[in-house]
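As stored in run12.pdb (PDB, C-alpha atoms, pLDDT in the B column):
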```pdb
ATOM      1  CA  MET Z   1     142.566 136.773 143.457  1.00 63.00           C
ATOM      2  CA  ARG Z   2     141.524 138.582 140.270  1.00 66.00           C
ATOM      3  CA  LYS Z   3     141.881 135.392 138.196  1.00 64.00           C
ATOM      4  CA  THR Z   4     139.774 133.435 140.711  1.00 63.00           C
ATOM      5  CA  ASN Z   5     136.978 136.042 140.503  1.00 60.00           C
ATOM      6  CA  LEU Z   6     137.041 135.835 136.712  1.00 56.00           C
ATOM      7  CA  ILE Z   7     136.742 132.032 136.800  1.00 62.00           C
ATOM      8  CA  LEU Z   8     133.928 132.175 139.354  1.00 57.00           C
ATOM      9  CA  GLY Z   9     132.145 134.782 137.230  1.00 58.00           C
ATOM     10  CA  LEU Z  10     132.389 132.589 134.129  1.00 55.00           C
ATOM     11  CA  VAL Z  11     131.103 129.568 136.045  1.00 55.00           C
ATOM     12  CA  LEU Z  12     128.187 131.632 137.351  1.00 53.00           C
ATOM     13  CA  VAL Z  13     127.299 132.829 133.832  1.00 53.00           C
ATOM     14  CA  ALA Z  14     127.451 129.230 132.529  1.00 55.00           C
ATOM     15  CA  LEU Z  15     125.132 128.060 135.321  1.00 51.00           C
ATOM     16  CA  ILE Z  16     122.650 130.854 134.617  1.00 55.00           C
ATOM     17  CA  TRP Z  17     122.537 129.922 130.912  1.00 54.00           C
ATOM     18  CA  ALA Z  18     122.134 126.200 131.684  1.00 52.00           C
ATOM     19  CA  THR Z  19     119.384 126.606 134.288  1.00 49.00           C
ATOM     20  CA  PRO Z  20     116.577 127.807 131.961  1.00 48.00           C
ATOM     21  CA  SER Z  21     117.134 124.867 129.622  1.00 46.00           C
ATOM     22  CA  VAL Z  22     116.600 122.418 132.493  1.00 47.00           C
ATOM     23  CA  TYR Z  23     113.430 124.139 133.690  1.00 48.00           C
ATOM     24  CA  GLY Z  24     112.263 124.854 130.143  1.00 52.00           C
ATOM     25  CA  GLN Z  25     111.846 121.191 129.288  1.00 58.00           C
ATOM     26  CA  SER Z  26     108.184 120.366 129.193  1.00 67.00           C
ATOM     27  CA  ARG Z  27     106.580 117.319 130.736  1.00 89.00           C
ATOM     28  CA  THR Z  28     104.510 116.602 127.663  1.00 94.00           C
ATOM     29  CA  GLY Z  29     104.474 114.632 124.443  1.00 96.00           C
ATOM     30  CA  SER Z  30     102.452 114.726 121.233  1.00 97.00           C
ATOM     31  CA  ILE Z  31     100.480 112.630 118.759  1.00 97.00           C
ATOM     32  CA  ALA Z  32     100.577 113.356 115.041  1.00 98.00           C
ATOM     33  CA  GLY Z  33      99.576 111.601 111.867  1.00 98.00           C
ATOM     34  CA  THR Z  34      97.693 111.584 108.593  1.00 98.00           C
ATOM     35  CA  VAL Z  35      94.157 110.467 107.790  1.00 98.00           C
ATOM     36  CA  GLN Z  36      93.545 108.807 104.432  1.00 98.00           C
ATOM     37  CA  ASP Z  37      91.006 106.605 102.700  1.00 97.00           C
ATOM     38  CA  SER Z  38      91.546 102.980 101.661  1.00 94.00           C
ATOM     39  CA  THR Z  39      93.072 104.087  98.310  1.00 95.00           C
ATOM     40  CA  GLY Z  40      95.709 106.219 100.066  1.00 96.00           C
ATOM     41  CA  ALA Z  41      94.108 109.579  99.238  1.00 97.00           C
ATOM     42  CA  VAL Z  42      94.404 112.079 102.105  1.00 98.00           C
ATOM     43  CA  LEU Z  43      91.232 113.243 103.821  1.00 98.00           C
ATOM     44  CA  PRO Z  44      91.168 116.942 104.774  1.00 98.00           C
ATOM     45  CA  GLY Z  45      88.458 118.047 107.186  1.00 98.00           C
ATOM     46  CA  ALA Z  46      88.314 114.817 109.197  1.00 98.00           C
ATOM     47  CA  GLU Z  47      87.414 115.386 112.843  1.00 98.00           C
ATOM     48  CA  ILE Z  48      90.042 114.016 115.221  1.00 98.00           C
ATOM     49  CA  THR Z  49      89.436 113.473 118.936  1.00 98.00           C
ATOM     50  CA  VAL Z  50      92.450 112.720 121.140  1.00 98.00           C
ATOM     51  CA  THR Z  51      91.409 111.432 124.577  1.00 98.00           C
ATOM     52  CA  ASN Z  52      93.576 110.762 127.631  1.00 98.00           C
ATOM     53  CA  VAL Z  53      91.993 107.547 128.942  1.00 97.00           C
ATOM     54  CA  ASP Z  54      93.576 108.073 132.378  1.00 93.00           C
ATOM     55  CA  THR Z  55      91.919 111.467 132.959  1.00 95.00           C
ATOM     56  CA  GLY Z  56      89.064 111.520 130.420  1.00 96.00           C
ATOM     57  CA  GLN Z  57      90.335 114.846 129.070  1.00 96.00           C
ATOM     58  CA  SER Z  58      89.957 115.196 125.302  1.00 97.00           C
ATOM     59  CA  ARG Z  59      90.991 117.573 122.543  1.00 97.00           C
ATOM     60  CA  GLY Z  60      89.334 118.075 119.169  1.00 98.00           C
ATOM     61  CA  LEU Z  61      91.256 118.749 115.949  1.00 97.00           C
ATOM     62  CA  VAL Z  62      90.494 118.883 112.226  1.00 98.00           C
ATOM     63  CA  THR Z  63      92.857 117.526 109.582  1.00 98.00           C
ATOM     64  CA  GLY Z  64      94.486 120.061 107.274  1.00 98.00           C
ATOM     65  CA  ASP Z  65      94.641 120.148 103.477  1.00 98.00           C
ATOM     66  CA  ALA Z  66      97.177 117.301 103.409  1.00 97.00           C
ATOM     67  CA  GLY Z  67      95.084 115.183 105.816  1.00 98.00           C
ATOM     68  CA  GLU Z  68      97.511 115.834 108.669  1.00 98.00           C
ATOM     69  CA  TYR Z  69      96.881 116.536 112.341  1.00 98.00           C
ATOM     70  CA  ASN Z  70      99.147 117.297 115.283  1.00 98.00           C
ATOM     71  CA  ALA Z  71      98.086 117.231 118.929  1.00 98.00           C
ATOM     72  CA  LEU Z  72     100.849 119.071 120.790  1.00 96.00           C
ATOM     73  CA  ALA Z  73     101.603 119.460 124.508  1.00 96.00           C
ATOM     74  CA  LEU Z  74      99.687 116.376 125.663  1.00 97.00           C
ATOM     75  CA  ASP Z  75     100.056 115.274 129.272  1.00 96.00           C
ATOM     76  CA  LEU Z  76     101.885 111.997 129.690  1.00 96.00           C
ATOM     77  CA  GLY Z  77      99.638 108.939 129.728  1.00 95.00           C
ATOM     78  CA  THR Z  78      97.584 106.520 127.653  1.00 96.00           C
ATOM     79  CA  TYR Z  79      95.513 107.889 124.774  1.00 97.00           C
ATOM     80  CA  GLU Z  80      92.818 107.003 122.276  1.00 98.00           C
ATOM     81  CA  VAL Z  81      92.617 108.689 118.852  1.00 98.00           C
ATOM     82  CA  ARG Z  82      89.307 108.784 116.948  1.00 98.00           C
ATOM     83  CA  ALA Z  83      88.829 110.002 113.355  1.00 97.00           C
ATOM     84  CA  GLU Z  84      85.415 110.746 111.836  1.00 97.00           C
ATOM     85  CA  LEU Z  85      84.323 112.044 108.446  1.00 97.00           C
ATOM     86  CA  GLN Z  86      80.910 111.980 106.786  1.00 95.00           C
ATOM     87  CA  GLY Z  87      80.608 109.011 104.389  1.00 94.00           C
ATOM     88  CA  PHE Z  88      83.316 106.983 106.158  1.00 95.00           C
ATOM     89  CA  GLN Z  89      83.450 104.527 109.041  1.00 95.00           C
ATOM     90  CA  THR Z  90      84.906 105.919 112.255  1.00 95.00           C
ATOM     91  CA  ALA Z  91      88.485 104.768 112.962  1.00 96.00           C
ATOM     92  CA  VAL Z  92      89.670 104.400 116.561  1.00 96.00           C
ATOM     93  CA  ARG Z  93      93.205 103.676 117.745  1.00 97.00           C
ATOM     94  CA  ARG Z  94      93.581 102.662 121.411  1.00 96.00           C
ATOM     95  CA  GLY Z  95      96.446 101.871 123.744  1.00 95.00           C
ATOM     96  CA  LEU Z  96      98.739 104.722 122.701  1.00 96.00           C
ATOM     97  CA  THR Z  97     101.326 105.764 125.258  1.00 94.00           C
ATOM     98  CA  VAL Z  98     102.595 109.348 125.216  1.00 95.00           C
ATOM     99  CA  GLY Z  99     106.011 109.626 126.840  1.00 93.00           C
ATOM    100  CA  LEU Z 100     108.146 112.579 127.849  1.00 93.00           C
ATOM    101  CA  GLY Z 101     109.238 114.562 124.788  1.00 92.00           C
ATOM    102  CA  GLN Z 102     108.031 111.867 122.392  1.00 93.00           C
ATOM    103  CA  GLU Z 103     105.767 112.126 119.359  1.00 94.00           C
ATOM    104  CA  ALA Z 104     103.583 109.103 118.592  1.00 95.00           C
ATOM    105  CA  LEU Z 105     102.853 108.715 114.885  1.00 96.00           C
ATOM    106  CA  VAL Z 106      99.275 107.550 114.379  1.00 97.00           C
ATOM    107  CA  ASP Z 107      98.156 107.368 110.762  1.00 97.00           C
ATOM    108  CA  LEU Z 108      94.507 106.395 110.332  1.00 97.00           C
ATOM    109  CA  THR Z 109      92.733 104.880 107.351  1.00 97.00           C
ATOM    110  CA  LEU Z 110      88.991 105.441 106.971  1.00 96.00           C
ATOM    111  CA  ALA Z 111      86.903 102.925 105.037  1.00 95.00           C
ATOM    112  CA  VAL Z 112      83.833 103.992 103.090  1.00 93.00           C
ATOM    113  CA  GLY Z 113      80.685 103.372 105.135  1.00 87.00           C
ATOM    114  CA  GLU Z 114      78.392 104.827 107.723  1.00 74.00           C
ATOM    115  CA  ILE Z 115      79.879 107.046 110.414  1.00 55.00           C
ATOM    116  CA  SER Z 116      78.142 104.880 113.043  1.00 58.00           C
ATOM    117  CA  GLU Z 117      80.419 101.943 112.109  1.00 55.00           C
ATOM    118  CA  GLU Z 118      83.782 101.815 113.876  1.00 55.00           C
ATOM    119  CA  VAL Z 119      87.082 100.187 113.017  1.00 59.00           C
ATOM    120  CA  ILE Z 120      89.062  99.826 116.268  1.00 65.00           C
ATOM    121  CA  VAL Z 121      92.799  99.107 116.359  1.00 62.00           C
ATOM    122  CA  THR Z 122      94.582  98.545 119.655  1.00 64.00           C
ATOM    123  CA  GLY Z 123      98.342  98.818 120.015  1.00 60.00           C
ATOM    124  CA  GLU Z 124     101.399 100.959 120.341  1.00 59.00           C
ATOM    125  CA  ALA Z 125     102.391 103.631 117.839  1.00 58.00           C
ATOM    126  CA  PRO Z 126     105.918 104.253 116.577  1.00 56.00           C
ATOM    127  CA  LEU Z 127     107.614 106.981 118.603  1.00 54.00           C
ATOM    128  CA  ILE Z 128     109.913 109.750 117.487  1.00 57.00           C
ATOM    129  CA  ASN Z 129     112.202 111.454 119.985  1.00 56.00           C
ATOM    130  CA  THR Z 130     111.907 115.164 119.316  1.00 54.00           C
TER     131      THR Z 130
END
```

Before anything else, please render the file you have as structure tokens.
Amino acid sequence: MRKTNLILGLVLVALIWATPSVYGQSRTGSIAGTVQDSTGAVLPGAEITVTNVDTGQSRGLVTGDAGEYNALALDLGTYEVRAELQGFQTAVRRGLTVGLGQEALVDLTLAVGEISEEVIVTGEAPLINT
């Protein structure tokens, strides 16, 4: 009887430890990347807009010193990423699918020009399972 209680206690402890990890998994994904110019130089301070085309919800970001951005905890769905910086054409990437626990890598290249000009690319982004 005592051995059975010990085994049941250990099983109960194992279940308690396992349960938070199941519920702790988020139902989100992310989009990250780098913004650079046509020579490959990174562009800090570029304004990034990540828009869920299914819901219309958007999030604004600014690239860091290394030209990088990271939009975390995005709802699952289809997204558009837009990058703008004074003195450069706007770059837009459409048709990006954010899946559960995945990070889409979306590097953008801005060409010199007016901000009112857009370069639009449509297609999937490489995914990384995090």

| What does the PyMOL selection byres ((chain Z and resi 94) around 6) select in this file, as number ranges by chain? | Z: 80, 93, 95-96, 122

| query | Any chance you could work out the residue set of the PyMOL selection byres ((chain Z and resi 52-66) around 8) here, as a PyMOL selection string? | reply | chain Z and resi 34-35+42-51+67-69+71+77-80

For this structure, which residues satisfy the selection - the PyMOL selection byres ((chain Z and resi 27) around 9) - when it is evaluated on the file as given? I want them as a PDB file with C-alpha atoms, in the frame of the given file.
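Everything below was put into expr_2.pdb:
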```pdb
ATOM      1  CA  GLN Z  25     111.846 121.191 129.288  1.00 58.00           C
ATOM      2  CA  SER Z  26     108.184 120.366 129.193  1.00 67.00           C
ATOM      3  CA  THR Z  28     104.510 116.602 127.663  1.00 94.00           C
ATOM      4  CA  GLY Z  29     104.474 114.632 124.443  1.00 96.00           C
ATOM      5  CA  ALA Z  73     101.603 119.460 124.508  1.00 96.00           C
ATOM      6  CA  LEU Z  74      99.687 116.376 125.663  1.00 97.00           C
ATOM      7  CA  ASP Z  75     100.056 115.274 129.272  1.00 96.00           C
ATOM      8  CA  LEU Z  76     101.885 111.997 129.690  1.00 96.00           C
ATOM      9  CA  GLY Z  99     106.011 109.626 126.840  1.00 93.00           C
ATOM     10  CA  LEU Z 100     108.146 112.579 127.849  1.00 93.00           C
ATOM     11  CA  GLY Z 101     109.238 114.562 124.788  1.00 92.00           C
TER      12      GLY Z 101
END
```

| Taking only C-alpha atoms into account, which of Z:Ile31, Z:Asn70, Z:Ala104, Z:Val112 comes nearest Thr90 (chain Z)? |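 Of the candidates, the smallest distance to Thr90 (chain Z) is held by Z:Val112.
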
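The interatomic distance for the pair CA of Phe88 (chain Z) and CA of Gly113 (chain Z) works out to 4.6 Å.
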
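The interatomic distance for the pair CA of Leu105 (chain Z) and CA of Ser38 (chain Z) works out to 18.3 Å.
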
| request: Could you please determine the separation between CA of Gln86 (chain Z) and CA of Leu72 (chain Z) in Å, to one decimal place? | output: 25.4 Å

| Which is closer to Ala111 (chain Z) than all the others in Z:Val81, Z:Val98, Z:Thr39, Z:Gly33, using all atoms listed in the file? | Z:Thr39

Adding 5 Å on each side of the box along x, y and z that holds all listed atoms of region 49-52 of chain Z, could you give its centre and edge lengths in Å to one decimal, as AutoDock Vina command-line options?
```
--center_x 91.5 --center_y 112.1 --center_z 123.3 --size_x 14.1 --size_y 12.7 --size_z 18.7
```

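For the set Z:Gln36, Z:Leu108, Z:Glu114, Z:Ser30, the residue with the smallest atom-to-atom gap to Ala91 (chain Z) is Z:Leu108, counting only C-alpha atoms.
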